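For reference, the structure discussed in these notes is given below.
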Amino acid sequence: MLWWGGLDSQYVNYVFNRYLLALATLLLVSGIVFSLMEVLPGDCAEKYIAYKNTQGETITEADIQAERVRMGLDKSLPERWGRWVTNLTLRGDLGFSCAKRQSVNLALGNRFWMSFMFCIAGLVFAYLIAVPFGILSAFTINKPWTDKNPQHSKLEQLAGTAVLSLQKVVDLLLRIISYLGLALPNFLLALTIILLYVFAGEPMPTGLFSDQWVNVPWFGPDGFETGKFYDFLGHIWLPIFVIGWSATALQLQTVRALVVDESNKLYVDAARARGVDGLTLWAGYPVRHSISPLFNSIGFDFQRVFNDLPIVAVVIGLTDSAALLIEALSMTNDQELAAAILFLVALVVISMNFMTDVVLAAIDPRVRKSVLGN
């Protein structure tokens, strides 16, 4: 049953404390990210002067110092970090991209939201597969391969053996898939799928659109372009499947372990002694109590999926913020752009963790008792 406690003072204090902790964590992360980017060699002024030098202009050390003063790079690290945080908080300004010679907000555009949707779609794909099949795997873990119940007739034993054997085979296949998902890197899976398309003589599903549709607007003279939509569906499945692959494998193992652990606890034995059995027992007790830890890990799962996204984006040919992060770190050395992307990822993860903590404290009696003390 949902519990809101009339928004009593304890719950409000808990939410407020979690909010302050989230803000403090975000502030700490911003300082760490900003400091790490400052450690990289070179700064924005040197890059800009180097660019002007390629245009045939004569550059002196005084020009470099003047440019540093103009950009505020002559200030100390704490001062520059404080200005960056202030601009971000008050104006949503993520800084200036040296490599692209424009604000980070313009350089990112909708690319971060594209990455966000990729990660969310990959997580939804993972949960839709991992949760039901993980429960099924836990349900069959201690079951035999054959039905040897003496109270069953030969025909019933044969039918029961067929059902049990099918469940065990499905469980075995799920384990193999989960081990492959944990062992096989996502980028290697993407390359394998692309090579299969090449060997089959089919167009590769890289990018988000085929060449013939990439510049076609969504709405033409005749209305919505369904052809572009179908072409989009023919490409979008690949990044979602690839980034959701390892998440599915990990969640299969997690759900299975959680349900098995809960099913061996005393309250389940007590419910079984009261006559509760079958689906009612599993759905009402071990499965129900296993969902909370899974729900609480959404933020960490998002971070794990995003960590896999940059190299996958390069392999598949995506143009989202993950590919932009690889470009900023390995090719253009654009510290400001990289710091902004990493900060946005941290913002999403911390926000998700805050929301899941608040919701779980409201609906889960165990969490509520541990954090509120009543």
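Chain identifiers are assigned as A, B, and so on, following the order in which chains appear in the structure tokens; residues are numbered from 1 within each chain, and ligands are numbered from 1 in order of appearance.
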
Could you give me, as a Markdown table, a per-residue list for stretch 253-355 of chain A showing, wherever an atom lies at most 7 Å from an atom of stretch 95-112 of chain A, the closest pair of atoms and their distance in Å to one decimal, using only C-alpha atoms and sorting by chain then residue number from low to high?
```
| residue | atom | partner | partner_atom | distance |
| --- | --- | --- | --- | --- |
| A:Asp320 | CA | A:Arg111 | CA | 4.5 |
| A:Ser321 | CA | A:Phe112 | CA | 4.9 |
| A:Thr332 | CA | A:Ala99 | CA | 6.2 |
| A:Asp334 | CA | A:Ala99 | CA | 5.9 |
| A:Glu336 | CA | A:Ser97 | CA | 5.8 |
| A:Leu337 | CA | A:Ser97 | CA | 5.6 |
```

**Report entry** Within 8 Å of A:Asp171 using only C-alpha atoms, minus same-chain residues under 6 positions, as an MDAnalysis selection string
**Finding:** chainID A and resid 136:137 140:141

Query raised in the report: So which residues of stretch 257-325 of chain A fall under helix (DSSP H, G or I) by DSSP, listed as an MDAnalysis selection string?
Result: chainID A and resid 257:263 266:273 278:284 286:296 298:316 321:325

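Atom CA of A:Ile298 sits 13.5 Å away from atom CA of A:Ala130.
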
Please provide as an mmCIF file with N, CA and C atoms, in the first residue's frame all residues within 8 Å of stretch 22-35 of chain A, with the sequence filter that same-chain residues fewer than 4 positions apart are discarded (counting only C-alpha atoms).
```cif
data_model
loop_
_atom_site.group_PDB
_atom_site.id
_atom_site.type_symbol
_atom_site.label_atom_id
_atom_site.label_comp_id
_atom_site.auth_asym_id
_atom_site.auth_seq_id
_atom_site.Cartn_x
_atom_site.Cartn_y
_atom_site.Cartn_z
ATOM 1 N N ARG A 18 18.200 14.684 1.706
ATOM 2 C CA ARG A 18 18.664 14.019 0.483
ATOM 3 C C ARG A 18 18.912 15.044 -0.624
ATOM 4 N N VAL A 39 43.953 19.859 -15.759
ATOM 5 C CA VAL A 39 45.241 19.168 -15.720
ATOM 6 C C VAL A 39 45.767 18.905 -17.129
ATOM 7 N N LEU A 77 42.469 28.780 -10.257
ATOM 8 C CA LEU A 77 41.542 27.688 -10.528
ATOM 9 C C LEU A 77 40.252 27.804 -9.723
ATOM 10 N N TRP A 81 36.582 28.132 -11.469
ATOM 11 C CA TRP A 81 35.553 27.125 -11.177
ATOM 12 C C TRP A 81 34.308 27.795 -10.593
ATOM 13 N N VAL A 85 30.594 27.597 -12.226
ATOM 14 C CA VAL A 85 29.421 27.113 -11.494
ATOM 15 C C VAL A 85 28.344 28.189 -11.438
ATOM 16 N N ALA A 339 34.211 18.578 -20.168
ATOM 17 C CA ALA A 339 33.767 18.792 -18.791
ATOM 18 C C ALA A 339 32.259 18.985 -18.722
ATOM 19 N N LEU A 342 30.513 15.513 -19.190
ATOM 20 C CA LEU A 342 30.669 14.689 -17.989
ATOM 21 C C LEU A 342 29.822 15.231 -16.840
ATOM 22 N N PHE A 343 29.741 16.555 -16.730
ATOM 23 C CA PHE A 343 28.919 17.144 -15.676
ATOM 24 C C PHE A 343 27.438 16.831 -15.905
ATOM 25 N N ALA A 346 26.732 13.318 -14.819
ATOM 26 C CA ALA A 346 26.673 13.252 -13.358
ATOM 27 C C ALA A 346 25.375 13.845 -12.829
ATOM 28 N N LEU A 347 24.915 14.928 -13.457
ATOM 29 C CA LEU A 347 23.657 15.557 -13.052
ATOM 30 C C LEU A 347 22.487 14.586 -13.202
ATOM 31 N N ILE A 350 22.853 11.675 -10.491
ATOM 32 C CA ILE A 350 22.528 12.138 -9.140
ATOM 33 C C ILE A 350 21.039 12.437 -9.009
ATOM 34 N N SER A 351 20.446 13.027 -10.041
ATOM 35 C CA SER A 351 19.001 13.324 -10.011
ATOM 36 C C SER A 351 18.193 12.038 -9.948
ATOM 37 N N PHE A 354 18.463 10.576 -6.458
ATOM 38 C CA PHE A 354 17.644 11.359 -5.522
ATOM 39 C C PHE A 354 16.172 10.978 -5.638
#
```
